[in-house]
>>> print(open('structure-v8.csv').read())   # CSV, N, CA, C and O atoms
chain,number,residue,atom,x,y,z
E,11,MET,N,-45.0,-2.3,11.4
E,11,MET,CA,-46.2,-1.7,10.9
E,11,MET,C,-45.7,-0.6,9.9
E,11,MET,O,-44.8,0.2,10.2
E,12,ILE,N,-46.4,-0.5,8.8
E,12,ILE,CA,-46.1,0.5,7.8
E,12,ILE,C,-47.1,1.6,7.9
E,12,ILE,O,-48.3,1.3,7.9
E,13,ALA,N,-46.7,2.8,8.0
E,13,ALA,CA,-47.6,4.0,8.2
E,13,ALA,C,-48.3,4.2,6.8
E,13,ALA,O,-47.7,4.0,5.8
E,14,PRO,N,-49.5,4.6,6.9
E,14,PRO,CA,-50.2,4.9,5.6
E,14,PRO,C,-49.6,6.1,4.9
E,14,PRO,O,-49.1,7.0,5.5
E,15,ARG,N,-49.6,6.0,3.6
E,15,ARG,CA,-49.1,7.1,2.8
E,15,ARG,C,-50.2,8.1,2.5
E,15,ARG,O,-51.3,7.8,2.1
E,16,ILE,N,-49.9,9.4,2.8
E,16,ILE,CA,-50.9,10.4,2.6
E,16,ILE,C,-50.4,11.3,1.4
E,16,ILE,O,-49.3,11.7,1.3
E,17,GLU,N,-51.3,11.4,0.4
E,17,GLU,CA,-51.0,12.2,-0.7
E,17,GLU,C,-51.7,13.6,-0.6
E,17,GLU,O,-52.8,13.7,-0.2
E,18,PHE,N,-50.9,14.6,-1.0
E,18,PHE,CA,-51.4,16.0,-1.0
E,18,PHE,C,-51.7,16.4,-2.5
E,18,PHE,O,-50.8,16.1,-3.3
E,19,SER,N,-52.8,17.0,-2.7
E,19,SER,CA,-53.1,17.4,-4.1
E,19,SER,C,-53.6,18.8,-4.2
E,19,SER,O,-54.0,19.4,-3.2
E,20,ASN,N,-53.5,19.4,-5.4
E,20,ASN,CA,-54.0,20.8,-5.6
E,20,ASN,C,-53.3,21.8,-4.7
E,20,ASN,O,-53.9,22.8,-4.3
E,21,LEU,N,-52.0,21.6,-4.5
E,21,LEU,CA,-51.2,22.5,-3.7
E,21,LEU,C,-50.6,23.5,-4.6
E,21,LEU,O,-50.3,23.2,-5.8
E,22,PRO,N,-50.3,24.8,-4.1
E,22,PRO,CA,-49.6,25.7,-5.0
E,22,PRO,C,-48.2,25.1,-5.3
E,22,PRO,O,-47.7,24.3,-4.6
E,23,GLU,N,-47.7,25.6,-6.5
E,23,GLU,CA,-46.4,25.1,-7.0
E,23,GLU,C,-45.3,25.2,-6.0
E,23,GLU,O,-44.3,24.4,-6.0
E,24,ASP,N,-45.3,26.3,-5.2
E,24,ASP,CA,-44.2,26.5,-4.3
E,24,ASP,C,-44.3,25.8,-2.9
E,24,ASP,O,-43.7,26.2,-2.0
E,25,THR,N,-45.2,24.8,-2.9
E,25,THR,CA,-45.4,24.0,-1.6
E,25,THR,C,-44.6,22.8,-1.6
E,25,THR,O,-44.6,22.0,-2.6
E,26,HIS,N,-43.8,22.6,-0.6
E,26,HIS,CA,-43.0,21.4,-0.4
E,26,HIS,C,-43.6,20.5,0.7
E,26,HIS,O,-44.0,21.0,1.7
E,27,VAL,N,-43.6,19.3,0.4
E,27,VAL,CA,-44.2,18.3,1.4
E,27,VAL,C,-43.0,17.8,2.3
E,27,VAL,O,-42.0,17.2,1.8
E,28,CYS,N,-43.1,18.0,3.6
E,28,CYS,CA,-42.1,17.7,4.5
E,28,CYS,C,-42.2,16.2,5.0
E,28,CYS,O,-43.3,15.6,5.0
E,29,ILE,N,-41.1,15.7,5.5
E,29,ILE,CA,-41.0,14.3,6.1
E,29,ILE,C,-41.0,14.5,7.6
E,29,ILE,O,-40.2,15.3,8.1
E,30,SER,N,-41.8,13.6,8.3
E,30,SER,CA,-41.9,13.7,9.7
E,30,SER,C,-41.2,12.6,10.4
E,30,SER,O,-41.1,11.5,9.8
E,31,HIS,N,-40.7,12.8,11.6
E,31,HIS,CA,-40.1,11.8,12.5
E,31,HIS,C,-40.6,12.1,13.9
E,31,HIS,O,-40.7,13.3,14.3
E,32,ARG,N,-40.9,11.1,14.6
E,32,ARG,CA,-41.3,11.3,16.0
E,32,ARG,C,-40.3,10.7,17.0
E,32,ARG,O,-39.7,9.7,16.8
E,33,HIS,N,-40.0,11.6,18.0
E,33,HIS,CA,-39.1,11.2,19.1
E,33,HIS,C,-39.8,11.5,20.4
E,33,HIS,O,-39.8,12.6,20.9
E,34,GLY,N,-40.5,10.5,20.9
E,34,GLY,CA,-41.3,10.7,22.2
E,34,GLY,C,-42.4,11.7,21.9
E,34,GLY,O,-43.2,11.4,21.0
E,35,ASN,N,-42.4,12.8,22.6
E,35,ASN,CA,-43.5,13.8,22.5
E,35,ASN,C,-43.2,14.8,21.4
E,35,ASN,O,-44.0,15.7,21.1
E,36,VAL,N,-42.0,14.7,20.8
E,36,VAL,CA,-41.6,15.7,19.8
E,36,VAL,C,-41.7,15.2,18.4
E,36,VAL,O,-41.2,14.1,18.1
E,37,ILE,N,-42.4,15.9,17.5
E,37,ILE,CA,-42.5,15.6,16.1
E,37,ILE,C,-41.6,16.6,15.3
E,37,ILE,O,-41.7,17.8,15.6
E,38,THR,N,-40.8,16.1,14.5
E,38,THR,CA,-39.9,16.9,13.7
E,38,THR,C,-40.2,16.7,12.2
E,38,THR,O,-40.3,15.6,11.7
E,39,TRP,N,-40.3,17.8,11.5
E,39,TRP,CA,-40.5,17.8,10.0
E,39,TRP,C,-39.3,18.4,9.4
E,39,TRP,O,-38.8,19.5,9.8
E,40,THR,N,-38.8,17.8,8.3
E,40,THR,CA,-37.7,18.4,7.5
E,40,THR,C,-38.1,18.4,6.1
E,40,THR,O,-39.0,17.6,5.7
E,41,CYS,N,-37.6,19.3,5.3
E,41,CYS,CA,-37.9,19.4,3.9
E,41,CYS,C,-36.8,18.8,3.0
E,41,CYS,O,-35.7,19.2,3.2
E,42,PRO,N,-37.2,17.9,2.1
E,42,PRO,CA,-36.2,17.3,1.3
E,42,PRO,C,-35.7,18.3,0.2
E,42,PRO,O,-34.7,18.0,-0.5
E,43,HIS,N,-36.3,19.4,0.1
E,43,HIS,CA,-35.9,20.4,-0.9
E,43,HIS,C,-35.1,21.6,-0.4
E,43,HIS,O,-34.5,22.3,-1.1
E,44,CYS,N,-35.3,21.9,1.0
E,44,CYS,CA,-34.7,23.1,1.6
E,44,CYS,C,-33.7,22.7,2.7
E,44,CYS,O,-34.2,22.3,3.8
E,45,PRO,N,-32.5,22.7,2.4
E,45,PRO,CA,-31.5,22.3,3.4
E,45,PRO,C,-31.6,23.2,4.6
E,45,PRO,O,-31.7,24.4,4.5
E,46,GLY,N,-31.7,22.7,5.8
E,46,GLY,CA,-31.8,23.4,7.0
E,46,GLY,C,-33.2,23.7,7.5
E,46,GLY,O,-33.3,24.2,8.6
E,47,TYR,N,-34.2,23.5,6.7
E,47,TYR,CA,-35.6,23.8,7.1
E,47,TYR,C,-35.9,22.7,8.1
E,47,TYR,O,-35.8,21.5,7.9
E,48,ILE,N,-36.5,23.2,9.3
E,48,ILE,CA,-36.9,22.2,10.3
E,48,ILE,C,-38.1,22.8,11.1
E,48,ILE,O,-38.1,24.0,11.3
E,49,ARG,N,-39.1,22.0,11.3
E,49,ARG,CA,-40.2,22.4,12.2
E,49,ARG,C,-40.4,21.4,13.2
E,49,ARG,O,-40.4,20.2,12.9
E,50,THR,N,-40.5,21.8,14.5
E,50,THR,CA,-40.6,20.8,15.6
E,50,THR,C,-41.9,21.2,16.4
E,50,THR,O,-42.1,22.4,16.6
E,51,TYR,N,-42.6,20.2,16.9
E,51,TYR,CA,-43.7,20.4,17.7
E,51,TYR,C,-43.7,19.5,18.9
E,51,TYR,O,-43.5,18.3,18.7
E,52,ASN,N,-43.8,20.0,20.1
E,52,ASN,CA,-43.8,19.2,21.3
E,52,ASN,C,-45.3,19.0,21.7
E,52,ASN,O,-45.9,20.0,22.1
E,53,GLU,N,-45.8,17.8,21.6
E,53,GLU,CA,-47.2,17.6,21.9
E,53,GLU,C,-47.5,17.8,23.4
E,53,GLU,O,-48.6,18.2,23.7
E,54,LYS,N,-46.5,17.6,24.2
E,54,LYS,CA,-46.8,17.8,25.7
E,54,LYS,C,-46.9,19.2,26.1
E,54,LYS,O,-47.7,19.6,26.8
E,55,THR,N,-46.0,20.1,25.6
E,55,THR,CA,-45.9,21.5,26.0
E,55,THR,C,-46.7,22.4,25.0
E,55,THR,O,-47.0,23.5,25.3
E,56,GLY,N,-47.0,21.9,23.8
E,56,GLY,CA,-47.6,22.7,22.8
E,56,GLY,C,-46.7,23.7,22.1
E,56,GLY,O,-47.2,24.5,21.3
E,57,VAL,N,-45.4,23.6,22.3
E,57,VAL,CA,-44.4,24.5,21.7
E,57,VAL,C,-44.1,24.1,20.3
E,57,VAL,O,-43.8,23.0,20.0
E,58,LEU,N,-44.3,25.1,19.3
E,58,LEU,CA,-43.9,24.9,17.9
E,58,LEU,C,-42.7,25.8,17.6
E,58,LEU,O,-42.7,26.9,17.9
E,59,TYR,N,-41.7,25.2,17.0
E,59,TYR,CA,-40.5,25.9,16.6
E,59,TYR,C,-40.3,25.7,15.1
E,59,TYR,O,-40.4,24.6,14.6
E,60,VAL,N,-40.1,26.8,14.3
E,60,VAL,CA,-39.8,26.7,12.9
E,60,VAL,C,-38.5,27.5,12.6
E,60,VAL,O,-38.4,28.6,12.9
E,61,ASP,N,-37.6,26.8,11.9
E,61,ASP,CA,-36.4,27.5,11.3
E,61,ASP,C,-36.5,27.3,9.8
E,61,ASP,O,-36.3,26.2,9.3
E,62,ARG,N,-36.9,28.4,9.1
E,62,ARG,CA,-37.1,28.3,7.7
E,62,ARG,C,-35.8,28.3,6.9
E,62,ARG,O,-35.8,28.0,5.7
E,63,ALA,N,-34.7,28.6,7.5
E,63,ALA,CA,-33.4,28.5,6.9
E,63,ALA,C,-33.4,29.3,5.6
E,63,ALA,O,-32.8,28.9,4.6
E,64,GLY,N,-34.1,30.4,5.6
E,64,GLY,CA,-34.1,31.3,4.4
E,64,GLY,C,-35.1,30.9,3.3
E,64,GLY,O,-35.2,31.5,2.3
E,65,SER,N,-35.8,29.8,3.5
E,65,SER,CA,-36.7,29.3,2.5
E,65,SER,C,-37.9,30.2,2.4
E,65,SER,O,-38.5,30.6,3.4
E,66,THR,N,-38.4,30.5,1.2
E,66,THR,CA,-39.6,31.2,1.0
E,66,THR,C,-40.8,30.3,0.6
E,66,THR,O,-41.9,30.8,0.4
E,67,ALA,N,-40.5,29.0,0.4
E,67,ALA,CA,-41.6,28.1,0.0
E,67,ALA,C,-42.6,27.9,1.1
E,67,ALA,O,-42.3,28.0,2.3
E,68,ASN,N,-43.8,27.5,0.7
E,68,ASN,CA,-44.8,27.0,1.7
E,68,ASN,C,-44.4,25.6,2.0
E,68,ASN,O,-43.9,24.8,1.1
E,69,HIS,N,-44.7,25.1,3.3
E,69,HIS,CA,-44.4,23.8,3.7
E,69,HIS,C,-45.6,23.1,4.3
E,69,HIS,O,-46.3,23.8,5.0
E,70,THR,N,-45.8,21.9,4.0
E,70,THR,CA,-46.8,21.1,4.6
E,70,THR,C,-46.3,19.7,4.9
E,70,THR,O,-45.2,19.3,4.5
E,71,GLY,N,-47.1,19.0,5.7
E,71,GLY,CA,-46.7,17.6,6.0
E,71,GLY,C,-47.5,17.1,7.1
E,71,GLY,O,-48.2,17.9,7.8
E,72,SER,N,-47.6,15.8,7.3
E,72,SER,CA,-48.4,15.2,8.3
E,72,SER,C,-47.6,14.3,9.2
E,72,SER,O,-46.4,14.0,8.9
E,73,SER,N,-48.2,13.9,10.3
E,73,SER,CA,-47.5,13.0,11.2
E,73,SER,C,-48.5,11.9,11.6
E,73,SER,O,-49.7,12.2,11.9
E,74,VAL,N,-48.1,10.7,11.6
E,74,VAL,CA,-49.0,9.6,12.1
E,74,VAL,C,-48.6,9.1,13.4
E,74,VAL,O,-47.4,9.1,13.8
>>> encode(input="structure-v8.csv", output="structure tokens")
Amino acid sequence: MIAPRIEFSNLPEDTHVCISHRHGNVITWTCPHCPGYIRTYNEKTGVLYVDRAGSTANHTGSSV
């Protein structure tokens, strides 16, 4: 099954679209432009963790 492609539009110039990966209850987003940037969310516990790795850009992304 191929996941649908979601397009983001009208975002500020400094916004990077992250790529998501799912491992069980945990969704992880990484940024193709910011080495070391990672955002993880555990759907079961509700815990969100973000390591900006010094990035000042805005980040967005979705998970299917």
>>> atom_distance(input="structure-v8.csv", atom1="CA of Thr55 (chain E)", atom2="CA of Asn35 (chain E)")
8.8 Å
>>> atom_distance(input="structure-v8.csv", atom1="atom O of Gly46 (chain E)", atom2="atom C of Asp61 (chain E)")
4.6 Å
>>> closest_residue(input="structure-v8.csv", among="E:Pro45, E:His26, E:Ile37, E:His31", to="His69 (chain E)", atoms="only C-alpha atoms")
E:His26
>>> select_by_dssp(input="structure-v8.csv", residues="chain E", states="strand (DSSP E or B)", output="PyMOL selection string")
chain E and resi 25-27+29-33+36-40+48-52+58-61+68-70
>>> atom_distance(input="structure-v8.csv", atom1="atom N of Glu53 (chain E)", atom2="CA of His33 (chain E)")
9.7 Å
>>> closest_residue(input="structure-v8.csv", among="E:Ser73, E:Tyr59, E:Ala67, E:Thr40", to="Leu21 (chain E)", atoms="only C-alpha atoms")
E:Ala67
>>> residues_around(input="structure-v8.csv", residues="Pro42 (chain E)", least_positions_apart="3", cutoff="8 Å", atoms="only N, CA, C and O atoms", output="mmCIF file with N, CA, C and O atoms, keeping the file's coordinate frame")
data_model
loop_
_atom_site.group_PDB
_atom_site.id
_atom_site.type_symbol
_atom_site.label_atom_id
_atom_site.label_comp_id
_atom_site.auth_asym_id
_atom_site.auth_seq_id
_atom_site.Cartn_x
_atom_site.Cartn_y
_atom_site.Cartn_z
ATOM 1 N N HIS E 26 -43.800 22.600 -0.600
ATOM 2 C CA HIS E 26 -43.000 21.400 -0.400
ATOM 3 C C HIS E 26 -43.600 20.500 0.700
ATOM 4 O O HIS E 26 -44.000 21.000 1.700
ATOM 5 N N VAL E 27 -43.600 19.300 0.400
ATOM 6 C CA VAL E 27 -44.200 18.300 1.400
ATOM 7 C C VAL E 27 -43.000 17.800 2.300
ATOM 8 O O VAL E 27 -42.000 17.200 1.800
ATOM 9 N N CYS E 28 -43.100 18.000 3.600
ATOM 10 C CA CYS E 28 -42.100 17.700 4.500
ATOM 11 C C CYS E 28 -42.200 16.200 5.000
ATOM 12 O O CYS E 28 -43.300 15.600 5.000
ATOM 13 N N ILE E 29 -41.100 15.700 5.500
ATOM 14 C CA ILE E 29 -41.000 14.300 6.100
ATOM 15 C C ILE E 29 -41.000 14.500 7.600
ATOM 16 O O ILE E 29 -40.200 15.300 8.100
ATOM 17 N N TRP E 39 -40.300 17.800 11.500
ATOM 18 C CA TRP E 39 -40.500 17.800 10.000
ATOM 19 C C TRP E 39 -39.300 18.400 9.400
ATOM 20 O O TRP E 39 -38.800 19.500 9.800
ATOM 21 N N PRO E 45 -32.500 22.700 2.400
ATOM 22 C CA PRO E 45 -31.500 22.300 3.400
ATOM 23 C C PRO E 45 -31.600 23.200 4.600
ATOM 24 O O PRO E 45 -31.700 24.400 4.500
ATOM 25 N N TYR E 47 -34.200 23.500 6.700
ATOM 26 C CA TYR E 47 -35.600 23.800 7.100
ATOM 27 C C TYR E 47 -35.900 22.700 8.100
ATOM 28 O O TYR E 47 -35.800 21.500 7.900
#
>>> residues_around(input="structure-v8.csv", residues="Val36 (chain E)", least_positions_apart="6", cutoff="7 Å", atoms="all atoms listed in the file", output="number ranges by chain")
E: 50-54
>>> residues_near_point(input="structure-v8.csv", point="(-46.5, 27.5, -1.4)", cutoff="5 Å", atoms="all atoms listed in the file", output="list in words")
Pro22, Asp24, Thr25, Ala67 and Asn68 of chain E
>>> build_atoms(input="structure-v8.csv", residues="region 41-52 of chain E", atoms="all heavy atoms", output="short mmCIF file (atom, residue, chain, number, x, y, z; two decimals), in the frame of the given file")
data_model
loop_
_atom_site.label_atom_id
_atom_site.label_comp_id
_atom_site.auth_asym_id
_atom_site.auth_seq_id
_atom_site.Cartn_x
_atom_site.Cartn_y
_atom_site.Cartn_z
N CYS E 41 -37.60 19.30 5.30
CA CYS E 41 -37.90 19.40 3.90
C CYS E 41 -36.80 18.80 3.00
O CYS E 41 -35.70 19.20 3.20
CB CYS E 41 -38.10 20.89 3.56
SG CYS E 41 -38.52 21.14 1.81
N PRO E 42 -37.20 17.90 2.10
CA PRO E 42 -36.20 17.30 1.30
C PRO E 42 -35.70 18.30 0.20
O PRO E 42 -34.70 18.00 -0.50
CB PRO E 42 -36.94 16.12 0.60
CG PRO E 42 -38.38 16.48 0.68
CD PRO E 42 -38.53 17.32 1.91
N HIS E 43 -36.30 19.40 0.10
CA HIS E 43 -35.90 20.40 -0.90
C HIS E 43 -35.10 21.60 -0.40
O HIS E 43 -34.50 22.30 -1.10
CB HIS E 43 -37.08 20.93 -1.72
CG HIS E 43 -37.90 19.85 -2.32
ND1 HIS E 43 -37.50 19.12 -3.43
CD2 HIS E 43 -39.10 19.32 -1.96
CE1 HIS E 43 -38.41 18.21 -3.71
NE2 HIS E 43 -39.40 18.32 -2.84
N CYS E 44 -35.30 21.90 1.00
CA CYS E 44 -34.70 23.10 1.60
C CYS E 44 -33.70 22.70 2.70
O CYS E 44 -34.20 22.30 3.80
CB CYS E 44 -35.83 23.93 2.19
SG CYS E 44 -37.06 24.47 0.99
N PRO E 45 -32.50 22.70 2.40
CA PRO E 45 -31.50 22.30 3.40
C PRO E 45 -31.60 23.20 4.60
O PRO E 45 -31.70 24.40 4.50
CB PRO E 45 -30.13 22.52 2.74
CG PRO E 45 -30.43 22.48 1.28
CD PRO E 45 -31.83 23.00 1.13
N GLY E 46 -31.70 22.70 5.80
CA GLY E 46 -31.80 23.40 7.00
C GLY E 46 -33.20 23.70 7.50
O GLY E 46 -33.30 24.20 8.60
N TYR E 47 -34.20 23.50 6.70
CA TYR E 47 -35.60 23.80 7.10
C TYR E 47 -35.90 22.70 8.10
O TYR E 47 -35.80 21.50 7.90
CB TYR E 47 -36.56 23.74 5.95
CG TYR E 47 -37.99 23.91 6.42
CD1 TYR E 47 -38.55 25.17 6.46
CD2 TYR E 47 -38.76 22.83 6.85
CE1 TYR E 47 -39.87 25.35 6.91
CE2 TYR E 47 -40.06 22.99 7.30
CZ TYR E 47 -40.60 24.25 7.33
OH TYR E 47 -41.87 24.42 7.79
N ILE E 48 -36.50 23.20 9.30
CA ILE E 48 -36.90 22.20 10.30
C ILE E 48 -38.10 22.80 11.10
O ILE E 48 -38.10 24.00 11.30
CB ILE E 48 -35.77 21.86 11.28
CG1 ILE E 48 -36.22 20.74 12.23
CG2 ILE E 48 -35.25 23.07 12.02
CD1 ILE E 48 -35.08 20.12 13.01
N ARG E 49 -39.10 22.00 11.30
CA ARG E 49 -40.20 22.40 12.20
C ARG E 49 -40.40 21.40 13.20
O ARG E 49 -40.40 20.20 12.90
CB ARG E 49 -41.48 22.50 11.28
CG ARG E 49 -42.72 22.94 12.01
CD ARG E 49 -43.88 23.17 11.05
NE ARG E 49 -44.41 21.92 10.53
CZ ARG E 49 -44.56 21.63 9.25
NH1 ARG E 49 -44.18 22.49 8.32
NH2 ARG E 49 -45.07 20.47 8.87
N THR E 50 -40.50 21.80 14.50
CA THR E 50 -40.60 20.80 15.60
C THR E 50 -41.90 21.20 16.40
O THR E 50 -42.10 22.40 16.60
CB THR E 50 -39.43 20.74 16.52
OG1 THR E 50 -39.19 22.02 17.08
CG2 THR E 50 -38.18 20.28 15.78
N TYR E 51 -42.60 20.20 16.90
CA TYR E 51 -43.70 20.40 17.70
C TYR E 51 -43.70 19.50 18.90
O TYR E 51 -43.50 18.30 18.70
CB TYR E 51 -45.03 20.21 16.93
CG TYR E 51 -46.27 20.33 17.78
CD1 TYR E 51 -46.63 21.57 18.31
CD2 TYR E 51 -47.06 19.24 18.05
CE1 TYR E 51 -47.77 21.69 19.10
CE2 TYR E 51 -48.20 19.35 18.83
CZ TYR E 51 -48.54 20.58 19.35
OH TYR E 51 -49.66 20.70 20.13
N ASN E 52 -43.80 20.00 20.10
CA ASN E 52 -43.80 19.20 21.30
C ASN E 52 -45.30 19.00 21.70
O ASN E 52 -45.90 20.00 22.10
CB ASN E 52 -42.98 19.87 22.43
CG ASN E 52 -42.88 19.00 23.66
OD1 ASN E 52 -43.86 18.42 24.11
ND2 ASN E 52 -41.68 18.91 24.21
#
